[in-house]
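In what follows, a single structure is set out as structure tokens and then discussed.
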Amino acid sequence: MIKGSIVRKFPPGPDSAGFHLEIDFEAAVGVTALFGPSGSGKTLTLDSIAGFVKPDAGRILLDDRILFDAESGVHLPPQQRSCGYVFQNYALFPHMTLRENLAFAAHSLPRLERHRRIAEQLERFKLTGMAGRYPHELSGGQKQRSSIARALIASPKIVLLDEPGRGLDDALRADLYSLIQELRQSLNVPVLLVTHDMQECLGLADRVLIYDAGRIVHRGSPAELLLNPGTVEAARLLGGFNIYEAEVIALDPARQTSRLRLLGEEISGPHLRGCFKGDRVAFCVRPEELHLTTHPGDNRIRATLRTTVERTQSIRADFGSDLVVDVPREAWSALEEEGRKSGWWVGIPARSLRQIAR
Amino acid sequence: MSIDWFPLWLSLKVAVWATGISLILGIWLAWLLANKQFRGKDLLDALTTLPLALPPTVLGYYLLVVIGRRSWFGHAWEHLTGSPLVFTWHAAVIASTLHAIPLLIKSSRAALENVYQAFERAARVLGVSEWRLFWRVSIPLVRRPVAAATGLAFARSMGDFGTTLMVAGNIPGQTQTAALAIYDAVNSNNSRLALWLVIVISLLTVAIVFLANRLEQSRQA
């Protein structure tokens with residue numbers, strides 16, 4: 001279990017904007033993804049935990065140990081933090097063979113134990129035949145596994161992965177994902193995974209912390225986040241949502257409904273707690289939750305088709321102004337001809353509108 | 001008339017000592033300059049460059065002030081060893097070291113600063129002590145540029161004239177190095193000795209520079 005709060009300010013320089021990281025976080029055993037765009041503070045969080053960077057304020061606790069505490073001046077050197085860190089470019093020592101790399105990482109273990117651990121790691125990561133090779137003689141996937149093997153050999157109390165999927169081709173990435181899945185089962189420590197890949201988040205993480213501009217804007221399980229990203233920022237970062245701003249026209253608490261002006265039309269929406277008439281609110285809707293029809297009706301908005309994109313299971317129809325609809329293939333072939341003649345109406349079911357913070 | 005090879009042997013002996021001292025002191029100073037923030041860092045940086053820029057005789061004058069018989073250091077040396085430091089081959093070693101060490105500091109510092117930061121971080125986070133990190137990671141990664149700089153430093157310390165003359169003198173059979181002997185030989189019309197010393201020194205230096213360049217190139221490859 002790791003938890004902490006970190007404040008780190010970088011004043012603006014002559015050729016750089018300032019940056020301000022201020023976060024509270026907590027991660028239990030399992031994979032926690034730090035998700036967000038580049039420069040949002042994800043790697044800085046890892047570096048603060050590993051002890052490469054000293055925060056200005058806050059404290060970091062790993063299990064019962066204080067790694068950092070600004071108030072009492074505790075700032076353990078990286079050597080004493082028991083972190084396993086997998087670097088973006090692997091950072092395998094180029095002048096040592098794989099075996100030497102592992103031995104170097106396990107130097108504090110007694111000799112026999114060290115040899116046992118090395119053999120064990122080589123086998124576990126399918127590297128046994130490679131032990132005598134130098135890093136430049138290893139393939140990309142082997143380097144990847146080697147760097148993970150090295151990070152784990154001394155039984156760290158937390159594992160930090162800095163964009164491990166970056167720069168890998170699809171096959172290698174698939175291997176990496178199954179490896180991380182496997183580690184998730186076998187490791188009994190928190191794993192923090194820095195990523196800006198949505199698929200990586202959904203496929204690997206038990207929990208996701210969404211970063212934006214030095215803050216954690218939302219957190220939850222991947223499934224929760226897909227249903228409700230919580231904020232407009234998080235919805236944008238996760239991608240794939242239709243995001244709307246609407247004005248509250250009327251509220252009907254008795255029927256648990258509301259009336260909204262959305263994209264210039266008046267439609268009915270879900271019950272909105274704590275809202276008043278005239279408030280501006282934000283919603284998100286997933287493209288597969290919208291209905292495509294060729295007739296006007298309740299909660300339908302007239303729209304002009306801009307483009308369509310073929311997807312594996314569906315057709316993605318883009319009507320501009322944030323109206324993107326995923327239509328199942330059969331439904332599309334039934335509708336297409338008529339829609340092109342008589343026009344399109346997009347149905348927005350009231351229950352699909354999920355309110356998010358602006 | 002046979003040739004007196006003593007000046008050449010003395011030059012080599014002085015150069016070996018000077019290079020050895022420069023290597024140890026130079027890498028330590030380079031590491032300090034590359035990795036640590038401390039007060040007076042700029043001053044130290046400038047001081048270690050100065051021997052490259054100052055006229056050798058000016059350097060020699062300062063050295064005389066610092067290690068001369070009346071100086072604190074010279075006095076202590078005389079007290080400990082029973083003989084003065086100036087006008088011995090030891091003084092020639094100090095003079096040559098002063099000329100060799102800037103080369104080593106400059107190259108080693110640049111090389112150490114260029115060591116990919118992630119390697120150092122990786123070692124630290126694996127629990128490796130700073131000392132072990134230095135010997136097992138940093139030094140192996142900079143060994144080529146440092147070896148090249150060591151070669152140049154050796155060549156440089158073999159050839160000092162002005163500063164050595166000022167602090168060690170030109171005593172044949174005691175402190176007369178090859179560079180001084182060539183000067184004397186030319187002045188006294190002993191052209192055979194001068195020619196031989198010039199040839200040997202030239203060949204040695206060319207070989208060293210060639211080797212140093214090779215080391216530099218294979219690092220870039």
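By order of appearance in the structure tokens: chains A, B, ..., then residues from 1 within every chain, and ligands from 1 in the order shown.
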I want to know what sits within 7 Å of region 120-136 of chain B, based on only C-alpha atoms, with residues of the same chain fewer than 5 positions away left out; could you give that as a compact mmCIF listing (two decimals) with N, CA and C atoms, in the first residue's frame?
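Result saved to out_7.txt:
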```
# COMPACT_ATOMS: atom_id res chain seq x y z
N ALA A 50 10.25 7.26 -6.13
CA ALA A 50 11.54 6.56 -6.19
C ALA A 50 12.65 7.35 -5.50
N PRO A 78 17.17 7.05 -2.85
CA PRO A 78 16.55 5.99 -3.65
C PRO A 78 17.00 4.60 -3.19
N GLN A 79 18.24 4.51 -2.73
CA GLN A 79 18.80 3.22 -2.32
C GLN A 79 18.00 2.55 -1.21
N GLN A 80 17.33 3.36 -0.37
CA GLN A 80 16.65 2.79 0.80
C GLN A 80 15.14 2.67 0.63
N CYS A 83 12.11 0.32 -4.18
CA CYS A 83 11.23 0.48 -5.34
C CYS A 83 11.83 -0.30 -6.51
N ALA A 91 17.12 1.17 -19.61
CA ALA A 91 18.28 1.52 -18.79
C ALA A 91 19.02 0.28 -18.28
N ALA A 105 21.96 -5.98 -9.60
CA ALA A 105 20.73 -5.57 -8.93
C ALA A 105 20.51 -6.36 -7.65
```
Expected answer as JSON, numbers by chain: helix (DSSP H, G or I) residues in region 33-163 of chain B: {"B": [33, 34, 35, 41, 42, 43, 44, 45, 46, 47, 48, 49, 50, 51, 52, 53, 56, 57, 58, 59, 60, 61, 62, 63, 64, 65, 66, 67, 72, 73, 74, 75, 76, 77, 78, 79, 80, 81, 89, 90, 91, 92, 93, 94, 95, 96, 97, 98, 99, 100, 101, 102, 103, 104, 105, 106, 107, 108, 109, 110, 111, 112, 113, 114, 117, 118, 119, 120, 121, 122, 123, 124, 125, 130, 131, 132, 133, 134, 135, 136, 137, 138, 139, 140, 141, 142, 143, 144, 145, 146, 147, 148, 149, 150, 151, 152, 153, 154, 155, 156, 157, 158, 162, 163]}
Check: which chain A residues lie within 9 Å of chain B using only C-alpha atoms, as a PyMOL selection string: chain A and resi 50-52+77-87+89-95+104-108+150-151+154
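If you measure from each of A:Arg316, A:Ala103, A:Arg133, A:Ala331 to Ala119 (chain A) using only C-alpha atoms, the closest one turns out to be A:Ala103.
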Distance query region 320-329 of chain A at most 10 Å, only C-alpha atoms, self and fewer than 5 positions along chain excluded, as a ChimeraX atom specification: /A:240-244,263,285-292,301,303-315,334-335,346-348
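Taking CA of Leu262 (chain A) as the reference point, CA of Asp318 (chain A) is found at 17.3 Å.
With only C-alpha atoms as the atoms that count, the residue of B:Gln37, B:Thr57, B:Ser157, B:Asn189 with the shortest distance to Leu104 (chain B) is B:Ser157.
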Coordinates-based distance that separates CA of Leu227 (chain A) from CA of His295 (chain A) (Å, one decimal): 28.3 Å
Distance query Asp162 (chain A) at most 12 Å, only C-alpha atoms, self and fewer than 4 positions along chain excluded, as a PDB file with C-alpha atoms, in the first residue's frame:
```
ATOM      1  CA  ALA A  33      -2.615   3.324 -13.924  1.00  0.00           C
ATOM      2  CA  LEU A  34      -1.519   6.953 -13.941  1.00  0.00           C
ATOM      3  CA  PHE A  35      -3.254   8.143 -17.066  1.00  0.00           C
ATOM      4  CA  SER A  38       2.388  14.134 -21.641  1.00  0.00           C
ATOM      5  CA  GLY A  41       2.986  15.041 -13.877  1.00  0.00           C
ATOM      6  CA  LYS A  42       2.743  11.256 -14.116  1.00  0.00           C
ATOM      7  CA  THR A  43       6.460  10.529 -14.370  1.00  0.00           C
ATOM      8  CA  LEU A  44       7.194  13.221 -11.810  1.00  0.00           C
ATOM      9  CA  THR A  45       4.992  11.263  -9.410  1.00  0.00           C
ATOM     10  CA  LEU A  46       7.029   8.092 -10.020  1.00  0.00           C
ATOM     11  CA  ASP A  47      10.281  10.004  -9.618  1.00  0.00           C
ATOM     12  CA  ALA A  50      11.540   6.562  -6.188  1.00  0.00           C
ATOM     13  CA  GLY A  84      11.418  -1.555  -8.530  1.00  0.00           C
ATOM     14  CA  TYR A  85      11.619   0.943 -11.361  1.00  0.00           C
ATOM     15  CA  VAL A  86      11.218  -0.029 -15.022  1.00  0.00           C
ATOM     16  CA  PHE A  87      12.578   2.822 -17.113  1.00  0.00           C
ATOM     17  CA  GLN A  88      11.172   3.967 -20.430  1.00  0.00           C
ATOM     18  CA  ASN A  89      14.319   3.001 -22.330  1.00  0.00           C
ATOM     19  CA  TYR A  90      14.989   0.003 -20.083  1.00  0.00           C
ATOM     20  CA  ALA A  91      18.281   1.516 -18.790  1.00  0.00           C
ATOM     21  CA  GLN A 144      11.761  -5.236 -21.965  1.00  0.00           C
ATOM     22  CA  SER A 147      14.414  -4.668 -17.357  1.00  0.00           C
ATOM     23  CA  ILE A 148      11.353  -5.990 -15.559  1.00  0.00           C
ATOM     24  CA  ARG A 166       5.845   3.170 -25.587  1.00  0.00           C
ATOM     25  CA  VAL A 191       2.213  -1.597  -9.291  1.00  0.00           C
ATOM     26  CA  LEU A 192       2.050   1.951 -10.649  1.00  0.00           C
ATOM     27  CA  LEU A 193       1.797   2.118 -14.415  1.00  0.00           C
ATOM     28  CA  VAL A 194       2.364   5.418 -16.203  1.00  0.00           C
ATOM     29  CA  THR A 195       0.582   5.508 -19.527  1.00  0.00           C
ATOM     30  CA  HIS A 196      -1.198   7.745 -21.957  1.00  0.00           C
TER      31      HIS A 196
ATOM     32  CA  ALA B 118      18.715   6.731 -16.266  1.00  0.00           C
TER      33      ALA B 118
END
```
For region 18-31 of chain B, list every protein, DNA or RNA residue within 6 Å, evaluated using only C-alpha atoms, and leave out those in the same chain fewer than 4 positions away; present the list as a tab-separated table (two decimals) with C-alpha atoms, in the first residue's frame.
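Resulting contents of around_33.tsv:
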```
chain	number	residue	atom	x	y	z
B	14	VAL	CA	58.00	12.38	-14.70
B	35	ASN	CA	27.70	15.93	-9.95
B	93	VAL	CA	56.33	16.10	-11.56
B	96	SER	CA	53.89	18.53	-15.39
B	97	THR	CA	50.83	17.54	-13.37
B	101	ILE	CA	45.37	17.80	-15.21
B	104	LEU	CA	41.80	15.13	-17.88
B	105	ILE	CA	39.32	17.22	-15.92
B	108	SER	CA	36.23	13.37	-17.81
B	109	ARG	CA	33.75	15.97	-16.70
B	154	PHE	CA	50.73	11.85	-20.79
```
